[in-house]
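Asker: Structure file my_file.txt (compact mmCIF, C-alpha atoms) is given on the next line.
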# COMPACT_ATOMS: atom_id res chain seq x y z
CA MET A 155 -20.70 4.54 -12.82
CA ALA A 156 -22.24 6.52 -15.67
CA CYS A 157 -21.04 9.90 -14.52
CA ALA A 158 -19.42 12.79 -16.33
CA ASP A 159 -16.00 12.27 -14.75
CA CYS A 160 -15.89 8.61 -15.84
CA ILE A 161 -15.67 9.61 -19.49
CA THR A 162 -13.85 12.91 -19.43
CA GLY A 163 -10.18 13.63 -19.74
CA THR A 164 -7.39 13.92 -22.24
CA VAL A 165 -5.49 11.39 -24.33
CA HIS A 166 -1.75 11.51 -23.73
CA THR A 167 0.97 11.21 -26.33
CA GLY A 168 4.08 9.08 -26.41
CA THR A 169 5.42 5.70 -27.45
CA PRO A 170 4.92 2.82 -24.99
CA ALA A 171 8.13 0.92 -24.27
CA GLY A 172 6.62 -2.49 -23.52
CA THR A 173 5.38 -5.43 -25.56
CA GLU A 174 2.17 -7.41 -25.94
CA ILE A 175 2.20 -10.97 -24.62
CA THR A 176 -0.33 -13.54 -23.41
CA LEU A 177 -0.59 -14.55 -19.76
CA ALA A 178 -3.17 -16.94 -18.31
CA GLY A 179 -5.01 -16.66 -21.61
CA LEU A 180 -5.21 -12.86 -21.40
CA PRO A 181 -3.64 -10.48 -23.93
CA THR A 182 -1.34 -8.36 -21.77
CA TYR A 183 0.80 -5.27 -22.12
CA ALA A 184 4.07 -6.07 -20.32
CA THR A 185 6.77 -3.58 -19.46
CA GLY A 186 9.84 -3.53 -17.26
CA ASP A 187 12.47 -6.06 -16.26
CA GLU A 188 11.24 -9.61 -16.88
CA ALA A 189 13.52 -10.85 -14.11
CA SER A 190 12.10 -8.49 -11.48
CA THR A 191 10.70 -10.18 -8.39
CA ARG A 192 8.34 -7.25 -7.88
CA ILE A 193 5.30 -7.57 -10.14
CA VAL A 194 2.51 -5.00 -10.39
CA ILE A 195 -0.78 -5.68 -12.17
CA PHE A 196 -2.71 -2.69 -13.49
CA GLY A 197 -6.49 -2.95 -13.18
CA HIS A 198 -7.31 -0.42 -15.89
CA ASP A 199 -10.27 1.91 -16.23
CA ILE A 200 -13.13 1.53 -18.72
CA PHE A 201 -10.93 2.55 -21.66
CA GLY A 202 -9.13 -0.76 -21.54
CA TRP A 203 -5.70 -2.30 -21.72
CA LYS A 204 -4.70 -0.58 -24.97
CA PHE A 205 -5.39 2.95 -23.72
CA ILE A 206 -2.12 4.81 -24.27
CA ASN A 207 -2.43 6.79 -21.02
CA THR A 208 -2.44 3.54 -19.07
CA ARG A 209 0.47 2.05 -20.97
CA LEU A 210 2.62 5.15 -20.57
CA LEU A 211 1.86 5.22 -16.85
CA ALA A 212 2.77 1.54 -16.58
CA ASP A 213 6.12 2.40 -18.17
CA GLU A 214 6.71 4.96 -15.43
CA TYR A 215 6.23 2.30 -12.77
CA ALA A 216 8.47 -0.08 -14.72
CA ALA A 217 11.22 2.55 -14.70
CA ARG A 218 11.29 2.15 -10.91
CA GLY A 219 12.26 -1.51 -11.14
CA PHE A 220 8.89 -3.25 -11.32
CA ARG A 221 7.61 -5.74 -13.87
CA VAL A 222 4.27 -4.22 -14.81
CA LEU A 223 1.41 -6.07 -16.46
CA VAL A 224 -1.73 -4.54 -17.99
CA PRO A 225 -4.04 -7.45 -18.87
CA ASP A 226 -7.10 -7.24 -21.09
CA LEU A 227 -9.77 -7.65 -18.42
CA TYR A 228 -12.68 -6.77 -20.70
CA GLY A 229 -12.29 -9.30 -23.49
CA GLY A 230 -11.64 -6.50 -25.95
CA TYR A 231 -14.90 -4.76 -25.06
CA GLU A 232 -14.07 -1.38 -23.58
CA VAL A 233 -15.65 2.05 -23.84
CA PRO A 234 -14.41 3.78 -27.04
CA GLN A 235 -12.13 6.78 -26.65
CA TRP A 236 -14.41 9.09 -28.64
CA THR A 237 -16.57 9.31 -25.52
CA LEU A 238 -13.81 11.31 -23.83
CA GLY A 239 -15.12 14.83 -23.75
CA ALA A 240 -18.64 13.84 -24.81
CA ILE A 241 -19.80 14.90 -21.36
CA ASP A 242 -17.65 17.77 -20.16
CA PRO A 243 -18.92 19.16 -16.85
CA VAL A 244 -17.14 22.50 -17.41
CA ASN A 245 -18.23 22.93 -21.02
CA GLU A 246 -21.12 25.39 -20.90
CA THR A 247 -21.52 25.54 -24.68
CA PRO A 248 -21.45 21.96 -26.00
CA SER A 249 -21.68 21.45 -29.74
CA LEU A 250 -24.81 20.11 -31.40
CA PHE A 251 -23.03 16.78 -31.93
CA GLN A 252 -22.17 16.56 -28.22
CA ARG A 253 -25.71 17.38 -27.13
CA VAL A 254 -27.65 15.25 -29.60
CA VAL A 255 -25.32 12.32 -30.35
CA ALA A 256 -22.20 12.00 -28.20
CA ARG A 257 -23.70 12.48 -24.75
CA PRO A 258 -26.64 10.06 -25.13
CA MET A 259 -24.49 7.48 -26.90
CA SER A 260 -21.68 7.61 -24.33
CA LEU A 261 -24.11 6.88 -21.49
CA PHE A 262 -25.87 4.17 -23.50
CA LEU A 263 -22.56 2.35 -23.98
CA PHE A 264 -22.26 1.74 -20.25
CA VAL A 265 -25.12 -0.77 -20.26
CA PRO A 266 -23.48 -3.46 -22.45
CA PHE A 267 -20.11 -2.69 -20.87
CA ILE A 268 -21.44 -3.43 -17.38
CA ILE A 269 -23.22 -6.58 -18.54
CA ARG A 270 -20.17 -7.98 -20.30
CA ASN A 271 -17.69 -7.04 -17.57
CA SER A 272 -19.46 -8.23 -14.45
CA GLN A 273 -17.80 -8.60 -11.08
CA SER A 274 -17.70 -12.38 -11.46
CA SER A 275 -15.96 -11.98 -14.83
CA GLN A 276 -13.35 -9.66 -13.35
CA ASN A 277 -12.82 -11.93 -10.35
CA ALA A 278 -12.17 -14.91 -12.63
CA LYS A 279 -9.71 -13.07 -14.89
CA ILE A 280 -7.76 -11.37 -12.13
CA GLY A 281 -7.76 -14.47 -9.94
CA GLY A 282 -6.60 -16.66 -12.81
CA LEU A 283 -3.78 -14.30 -13.66
CA VAL A 284 -2.58 -14.13 -10.06
CA SER A 285 -2.63 -17.92 -9.75
CA HIS A 286 -0.60 -18.22 -12.95
CA LEU A 287 1.98 -15.70 -11.72
CA ARG A 288 2.27 -17.32 -8.28
CA GLU A 289 3.05 -20.64 -9.94
CA ALA A 290 5.39 -19.23 -12.57
CA HIS A 291 7.22 -16.88 -10.17
CA PRO A 292 7.01 -18.41 -6.68
CA SER A 293 9.62 -16.07 -5.23
CA ALA A 294 8.01 -12.88 -6.52
CA LYS A 295 5.83 -10.43 -4.65
CA ILE A 296 2.72 -9.34 -6.52
CA GLY A 297 0.84 -6.08 -6.17
CA TYR A 298 -2.24 -4.63 -7.82
CA ILE A 299 -3.28 -1.06 -8.55
CA GLY A 300 -6.77 -0.44 -9.82
CA PHE A 301 -8.08 2.72 -11.44
CA CYS A 302 -11.78 3.68 -11.45
CA TRP A 303 -13.59 0.49 -12.55
CA GLY A 304 -10.50 -1.54 -11.72
CA GLY A 305 -10.11 0.18 -8.36
CA ARG A 306 -12.88 -1.86 -6.80
CA TYR A 307 -10.78 -5.02 -7.07
CA ALA A 308 -7.92 -3.47 -5.12
CA ILE A 309 -10.40 -3.77 -2.24
CA THR A 310 -12.43 -6.91 -2.92
CA LEU A 311 -9.46 -8.99 -4.14
CA ASN A 312 -6.88 -7.41 -1.86
CA HIS A 313 -6.36 -10.78 -0.14
CA LEU A 314 -4.90 -12.27 -3.35
CA PHE A 315 -1.99 -9.84 -3.42
CA ASP A 316 0.90 -8.78 -1.24
CA ALA A 317 -0.32 -5.16 -1.41
CA THR A 318 -2.87 -3.15 -3.38
CA VAL A 319 -3.64 0.45 -4.28
CA ALA A 320 -7.18 1.70 -4.99
CA ALA A 321 -7.17 4.83 -7.15
CA HIS A 322 -10.60 6.51 -7.12
CA PRO A 323 -12.50 3.18 -7.12
CA SER A 324 -16.01 2.84 -8.56
CA LEU A 325 -19.03 0.68 -7.68
CA VAL A 326 -17.71 -0.39 -4.29
CA LYS A 327 -20.45 -1.89 -2.12
CA TYR A 328 -19.66 0.09 0.96
CA PRO A 329 -18.84 -0.84 3.65
CA ALA A 330 -19.52 -4.54 3.00
CA GLU A 331 -16.68 -5.00 0.49
CA LEU A 332 -14.08 -3.77 2.94
CA ASP A 333 -14.23 -7.34 4.25
CA GLY A 334 -12.00 -8.29 1.31
CA VAL A 335 -9.08 -6.34 2.76
CA LYS A 336 -6.57 -8.62 4.46
CA LYS A 337 -3.27 -7.23 3.16
CA PRO A 338 -1.73 -3.73 2.93
CA VAL A 339 -3.97 -1.30 1.06
CA SER A 340 -3.50 2.30 0.00
CA PHE A 341 -6.22 4.66 -1.24
CA GLU A 342 -5.81 7.58 -3.66
CA LEU A 343 -8.96 9.69 -3.44
CA ALA A 344 -10.29 13.05 -4.53
CA VAL A 345 -12.01 15.26 -1.96
CA VAL A 346 -15.16 15.10 -4.09
CA ASP A 347 -15.91 11.89 -5.98
CA HIS A 348 -19.22 10.26 -6.84
CA GLY A 349 -17.93 6.79 -6.02
CA PHE A 350 -15.43 7.00 -3.18
CA ASP A 351 -14.65 10.45 -1.87
CA GLY A 352 -12.30 11.70 0.82
CA GLU A 353 -14.88 11.43 3.58
CA ARG A 354 -15.55 7.81 2.75
CA GLY A 355 -11.82 7.20 2.63
CA ARG A 356 -11.39 8.49 6.17
CA ASP A 357 -14.27 6.29 7.31
CA ALA A 358 -12.77 3.28 5.53
CA GLU A 359 -9.45 3.82 7.25
CA LYS A 360 -11.17 3.96 10.63
CA ARG A 361 -13.18 0.80 9.96
CA LEU A 362 -10.19 -1.15 8.70
CA ARG A 363 -8.01 -0.18 11.64
CA GLU A 364 -10.78 -1.14 14.04
CA LYS A 365 -10.80 -4.57 12.37
CA GLY A 366 -7.08 -4.91 12.99
CA SER A 367 -5.66 -3.88 9.62
CA GLU A 368 -2.25 -2.45 10.39
CA HIS A 369 -1.14 -1.27 6.96
CA VAL A 370 -3.78 1.14 5.67
CA GLU A 371 -3.04 4.42 3.94
CA VAL A 372 -5.52 7.06 2.74
CA VAL A 373 -4.31 10.10 0.83
CA ILE A 374 -6.86 12.72 -0.21
CA TYR A 375 -6.15 15.02 -3.15
CA GLU A 376 -7.61 18.48 -3.62
CA GLY A 377 -8.33 20.23 -6.90
CA VAL A 378 -8.74 17.00 -8.89
CA GLN A 379 -11.66 14.90 -10.05
CA HIS A 380 -12.47 11.23 -10.45
CA GLY A 381 -10.07 9.68 -12.96
CA TRP A 382 -7.28 12.22 -12.56
CA THR A 383 -4.52 9.63 -12.09
CA ILE A 384 -5.10 8.33 -15.64
CA ARG A 385 -6.78 11.01 -17.73
CA CYS A 386 -5.76 14.41 -16.37
CA ASP A 387 -4.60 17.17 -18.69
CA LEU A 388 -0.82 16.99 -18.43
CA LYS A 389 -0.60 20.57 -19.70
CA ASP A 390 -2.27 21.71 -16.48
CA GLU A 391 0.76 21.95 -14.18
CA LYS A 392 -1.22 21.67 -10.96
CA LYS A 393 -3.18 18.61 -12.04
CA LYS A 394 -0.09 16.98 -13.49
CA ALA A 395 1.68 17.53 -10.18
CA GLU A 396 -1.17 15.76 -8.35
CA ARG A 397 -1.17 12.98 -10.91
CA ASP A 398 2.58 12.52 -10.39
CA ARG A 399 2.15 12.63 -6.62
CA ALA A 400 -0.41 9.82 -6.83
CA ARG A 401 1.99 7.79 -8.96
CA ASP A 402 4.74 8.27 -6.41
CA GLN A 403 2.39 7.34 -3.58
CA ALA A 404 1.68 3.99 -5.25
CA VAL A 405 5.31 3.39 -6.13
CA ARG A 406 6.40 3.97 -2.53
CA TRP A 407 3.69 1.61 -1.30
CA PHE A 408 4.85 -1.14 -3.61
CA GLU A 409 8.50 -0.50 -2.85
CA ARG A 410 7.64 -1.01 0.81
CA PHE A 411 5.50 -4.13 0.54
CA LEU A 412 6.78 -5.91 -2.55
CA SER A 413 10.39 -6.08 -1.41
CA VAL A 414 11.82 -9.59 -1.44
CA GLU A 415 14.11 -10.40 1.45
CA GLU A 416 17.42 -11.86 0.44
CA ALA A 417 18.21 -15.27 1.86
CA PRO A 418 21.08 -15.18 4.38
CA ALA A 419 24.44 -16.18 2.95
CA ALA A 420 25.58 -19.69 3.82
CA THR A 421 28.37 -19.94 6.34
CA ALA A 422 31.37 -22.16 5.84
Once you've parsed the file, please lay out its structure as structure tokens.
Answerer:
Amino acid sequence: MACADCITGTVHTGTPAGTEITLAGLPTYATGDEASTRIVIFGHDIFGWKFINTRLLADEYAARGFRVLVPDLYGGYEVPQWTLGAIDPVNETPSLFQRVVARPMSLFLFVPFIIRNSQSSQNAKIGGLVSHLREAHPSAKIGYIGFCWGGRYAITLNHLFDATVAAHPSLVKYPAELDGVKKPVSFELAVVDHGFDGERGRDAEKRLREKGSEHVEVVIYEGVQHGWTIRCDLKDEKKKAERDRARDQAVRWFERFLSVEEAPAATA
């Protein structure tokens, strides 16, 4: 988890269009049509539910007709944004502050983060939220997309949802945790990734299909690194294009599997 790509990237600019509410006891950023029967939960990365990149991306999904929810899964304890850039794998001349203070501190922060945001904690929060939504919106279809840290739960808790998307997931116990996949799942993976690379994605697809999973999708992206779907430099046209392609991949997946069939009209 404590790798350079986990805490590198850029902070985007813009004004989120949604609002902050409380659902199942969790502070939540909510955006999109409240009446939509297609709900998507964002399992955010280590920068938390208030990270502007995540909120702006959620707005983009909402613009396609989804109700999008970004819950606080970390109890307000996320990795601070100043760590972005503290470890830059392409920076050959880091400043004295980066070398002596920022880099050691950024890695040190992972320890309490991991302790406070254990798998059991995430399971309880995500599971509780899904149960609440199923009861409050019985006719809705519910999907989940997880990024980095949150990507693991698109696999392990896949069975709770109607469809999930795992974007460059971290800390997956492979291949054991593939057993959690019972519903449609789509993977967004970089060719090279410390946690779940393209080669592993191809192997996962093979294993899942051998187990009888019919709806499995693996898309492998070149020229990007772990975390690109959330924290890429939008000024880099190539990387932005791949970031947008990953967004569209997820949107298409949810449009396919979160559609609610209309009841047949009554006949006289």
Asker: Between CA of Glu396 in chain A and CA of Val339 in chain A, what is the spacing in Å?
Answerer: 19.7 Å
Asker: So, with only C-alpha atoms as the atoms that count, which of A:His286, A:His380, A:Lys204, A:Arg209 lies closest to Leu227 in chain A?
Answerer: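 Closest to Leu227 in chain A of all the choices is A:Lys204.
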Asker: So which one's closest to Val194 in chain A, A:Ile299, A:Ile268, A:Ile206, A:Ala320? Using all atoms listed in the file, please.
Answerer: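 Using all atoms listed in the file, Val194 in chain A sits closest to A:Ile299.
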Asker: For Asp213 in chain A, work out the shell of residues within 9 Å, counting all atoms listed in the file and skipping chain neighbours fewer than 4 positions away, then give it as number ranges by chain.
Answerer: A: 170-172, 184-186, 208-209, 217-218, 222
Asker: Using only C-alpha atoms, which protein or nucleic acid residues come within 12 Å of Leu388 in chain A? Drop anything in the same chain fewer than 4 positions from it, and give the result as a short mmCIF file (atom, residue, chain, number, x, y, z; two decimals) with C-alpha atoms, in the frame of the given file.
Answerer:
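So out-v2.cif came out as:
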data_model
loop_
_atom_site.label_atom_id
_atom_site.label_comp_id
_atom_site.auth_asym_id
_atom_site.auth_seq_id
_atom_site.Cartn_x
_atom_site.Cartn_y
_atom_site.Cartn_z
CA GLY A 163 -10.18 13.63 -19.74
CA THR A 164 -7.39 13.92 -22.24
CA VAL A 165 -5.49 11.39 -24.33
CA HIS A 166 -1.75 11.51 -23.73
CA THR A 167 0.97 11.21 -26.33
CA ASN A 207 -2.43 6.79 -21.02
CA TRP A 382 -7.28 12.22 -12.56
CA THR A 383 -4.52 9.63 -12.09
CA ILE A 384 -5.10 8.33 -15.64
CA LYS A 392 -1.22 21.67 -10.96
CA LYS A 393 -3.18 18.61 -12.04
CA LYS A 394 -0.09 16.98 -13.49
CA ALA A 395 1.68 17.53 -10.18
CA GLU A 396 -1.17 15.76 -8.35
CA ARG A 397 -1.17 12.98 -10.91
CA ASP A 398 2.58 12.52 -10.39
#
Asker: Name the closest residue to Gln379 in chain A among the candidates A:His291, A:Val345, A:Ala178, A:Leu211; distances are taken between atoms, counting all atoms listed in the file.
Answerer: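 With all atoms listed in the file as the atom set, the closest residue is A:Val345.
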Asker: Which residue gives the smallest distance to His198 in chain A among A:Thr173, A:Ser293, A:Ser324, A:Ser413, with only C-alpha atoms counted?
Answerer: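 The shortest atom-to-atom distance to His198 in chain A comes from A:Ser324.
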Asker: Just to confirm, what's the straight-line distance from CA of Ala400 in chain A to CA of Thr176 in chain A in Å (one decimal)?
Answerer: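 Computing it gives 28.6 Å between the two atoms.
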Asker: Can you pull out every residue within 8 Å of Gly349 in chain A, counting only C-alpha atoms, but drop anything in the same chain fewer than 4 positions away, and send it as a PyMOL selection string?
Answerer: chain A and resi 155+322-326
Asker: Write out the residues from the selection above, keeping C-alpha atoms, as an mmCIF file, in the coordinates of the input.
Answerer:
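See result_0.cif below for the written result:
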data_model
loop_
_atom_site.group_PDB
_atom_site.id
_atom_site.type_symbol
_atom_site.label_atom_id
_atom_site.label_comp_id
_atom_site.auth_asym_id
_atom_site.auth_seq_id
_atom_site.Cartn_x
_atom_site.Cartn_y
_atom_site.Cartn_z
ATOM 1 C CA MET A 155 -20.700 4.540 -12.820
ATOM 2 C CA HIS A 322 -10.600 6.510 -7.120
ATOM 3 C CA PRO A 323 -12.500 3.180 -7.120
ATOM 4 C CA SER A 324 -16.010 2.840 -8.560
ATOM 5 C CA LEU A 325 -19.030 0.680 -7.680
ATOM 6 C CA VAL A 326 -17.710 -0.390 -4.290
#
Asker: Between A:Ile175, A:Leu223, A:Thr162, A:Trp203, which residue has the minimum interatomic distance to Gly381 in chain A, considering all atoms listed in the file?
Answerer: A:Thr162
Asker: If we count all atoms listed in the file, what is near Ser274 in chain A at a cut-off of 12 Å, once residues fewer than 5 positions away on the same chain are taken out, given as a ChimeraX atom specification?
Answerer: /A:227-228,268-269,279-282,307,310-311
Asker: Counting all atoms listed in the file, figure out which residue out of A:Asp390, A:Phe196, A:Gly179, A:Trp303 gets nearest to Glu232 in chain A.
Answerer: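 Counting all atoms listed in the file, the residue closest to Glu232 in chain A is A:Trp303.
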Asker: Quick one, how far is CA of Asp226 in chain A from CA of Thr182 in chain A?
Answerer: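 Taking CA of Asp226 in chain A and CA of Thr182 in chain A, their separation equals 5.9 Å.
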Asker: Please report, as JSON, the centre and edge lengths in Å to one decimal of an axis-aligned box covering all listed atoms of range 343-361 of chain A with 3 Å per side.
Answerer:
{"center_x": -14.1, "center_y": 8.0, "center_z": 1.9, "size_x": 16.3, "size_y": 20.5, "size_z": 23.5}
